[in-house]
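Heads up, the thing below is written out as structure tokens.
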Amino acid sequence: METNSNWQISEVQRKLLGSLFSVIEDNDVKNVFDIGSGRTSIQYLTDRYKNLVITGIVFPGDARKIDPIKECVTNTNYEIIEQDIMHFDENQEIDIVLAHLFLGEAEQFAENKFPKILEKLFSLKTKYIVMVNLERDNINQDLLLAEINKRGKIIKSERVVSESGDVCLGMTIKLT
Ligand SMILES: C[S@@+](CC[C@H](N)C(=O)[O-])C[C@H]1O[C@@H](n2cnc3c(N)ncnc32)[C@H](O)[C@@H]1O
């Protein structure tokens with residue numbers, strides 16, 4: 001598949017992710033999982049961690065996300081795995097999980113329910129979760145904060161408006 005050289009990562013997302021990742025101690029990062037992958041998150045991560053192979057997880061058959069990654073991301077240091085996160089191996093040791101606009105689609109596939117997806121995300125053996133949600137997705141903040149407080153703490157948060165006018169709420173969570 002030919003790459004679409006006209007596409008570029010949104011400047012707002014690049015800066016937002018840059019700010020959220022800036023508080024991560026990343027001199028010893030061995031693996032990064034992009035849970036709920038897409039071209040923006042893969043482009044950002046493959047630029048930031050040039051010496052790693054980034055693993056992107058998409059729901060099986062979600063060509064809406066897989067094709068643009070293949071067409072638009074110019075870096076090659078990534079692999080895409082098609083897997084329902086509900087089946088992800090909880091023993092896999094991870095340094096950083098990025099969940100970029102993932103929770104807003106949590107209930108779109110396989111009749112998954114938001115509380116279960118959230119619980120699964122926070123059961124992963126990761127040191128950090130970097131998360132970005134859209135305000136209009138109306139994520140259940142009470143449930144989200146309860147999960148965060150059980151497992152760790154927010155070390156950075158950001159609120160930005162995207163080029164299309166969406167309010168993006170970002171946070172970096174350090175797990176204990
Ligand atoms: C809005 S997209 C994420 C956008 C992406 N991070 C980007 O930068 O373009 C939501 C993603 O979550 C994935 N997803 C939703 N439910 C999932 C599940 N249960 N397991 C794995 N991936 C899931 C979808 O396949 C899609 O890749």
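Residue names in the structure tokens use chain letters A, B, ... in the order shown, residue numbers from 1 in each chain, and ligand numbers from 1 in the order shown.
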
Show me, as an MDAnalysis selection string, the residues that have an atom within 6 Å of Lys65 of chain A when counting only C-alpha atoms, minus same-chain residues fewer than 3 positions from it. chainID A and resid 38 62 68

For ligand 1, collect every residue having any atom at a distance of at most 6 Å from a ligand atom (counting only C-alpha atoms and all ligand atoms); output as an MDAnalysis selection string. chainID A and resid 36:41 57:59 62 65 83:85 100:102 105:106 109

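Using only C-alpha atoms, the protein and nucleic acid residues lying no more than 10 Å from Val132 of chain A, apart from those fewer than 4 places from it along its own chain, are A:Gln13, A:Leu16, A:Leu17, A:Leu20, A:Leu98, A:Ala99, A:His100, A:Leu101, A:Phe102, A:Leu103, A:Gly104, A:Ser157, A:Glu158, A:Arg159, A:Cys168, A:Leu169, A:Gly170, A:Met171, A:Thr172.
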
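Candidate residues A:Met86, A:Leu144, A:Val97, A:Val160 were compared for distance to Leu45 of chain A, and the nearest is A:Val97, using only C-alpha atoms.
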
Who sits within 9 Å of Arg14 of chain A, only C-alpha atoms, same chain under 4 positions skipped, as a list of chain:residue names: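 Contacts, in chain order: A:Ile9, A:Ser10, A:Gly18, A:Ser19, A:Thr40, A:Ser41, A:Tyr44.
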
With only C-alpha atoms counted and 8 Å as the cut-off, give the residues of segment 8-94 of chain A in contact with segment 117-127 of chain A, each with its shortest interatomic distance in Å and the pair that gives it, as CSV.
```
residue,atom,partner,partner_atom,distance
A:Ile85,CA,A:Lys120,CA,7.6
A:Met86,CA,A:Lys120,CA,6.5
A:Glu90,CA,A:Leu124,CA,5.2
A:Asn91,CA,A:Lys125,CA,6.6
A:Gln92,CA,A:Lys125,CA,6.4
A:Glu93,CA,A:Lys125,CA,5.3
A:Ile94,CA,A:Thr126,CA,4.5
```

Please save C-alpha atoms of the selected residues as a tab-separated table (two decimals), in the first residue's frame.
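Listing of out_23.tsv after writing:
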```tsv
chain	number	residue	atom	x	y	z
A	85	ILE	CA	-8.56	-5.77	24.66
A	86	MET	CA	-10.77	-7.98	26.83
A	90	GLU	CA	-2.67	-9.39	31.89
A	91	ASN	CA	0.75	-10.91	32.62
A	92	GLN	CA	2.40	-8.96	29.82
A	93	GLU	CA	4.83	-6.51	31.44
A	94	ILE	CA	4.42	-3.05	29.91
```

Pull the strand (DSSP E or B) assignments for segment 23-166 of chain A out of DSSP run on the backbone, and list those residues as a count of residues only. 42

Could you work out how far atom CA of Ile139 of chain A lies from atom CA of Tyr78 of chain A, giving the answer in Å with one decimal?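 Between atom CA of Tyr78 of chain A and atom CA of Ile139 of chain A the gap is 28.6 Å.
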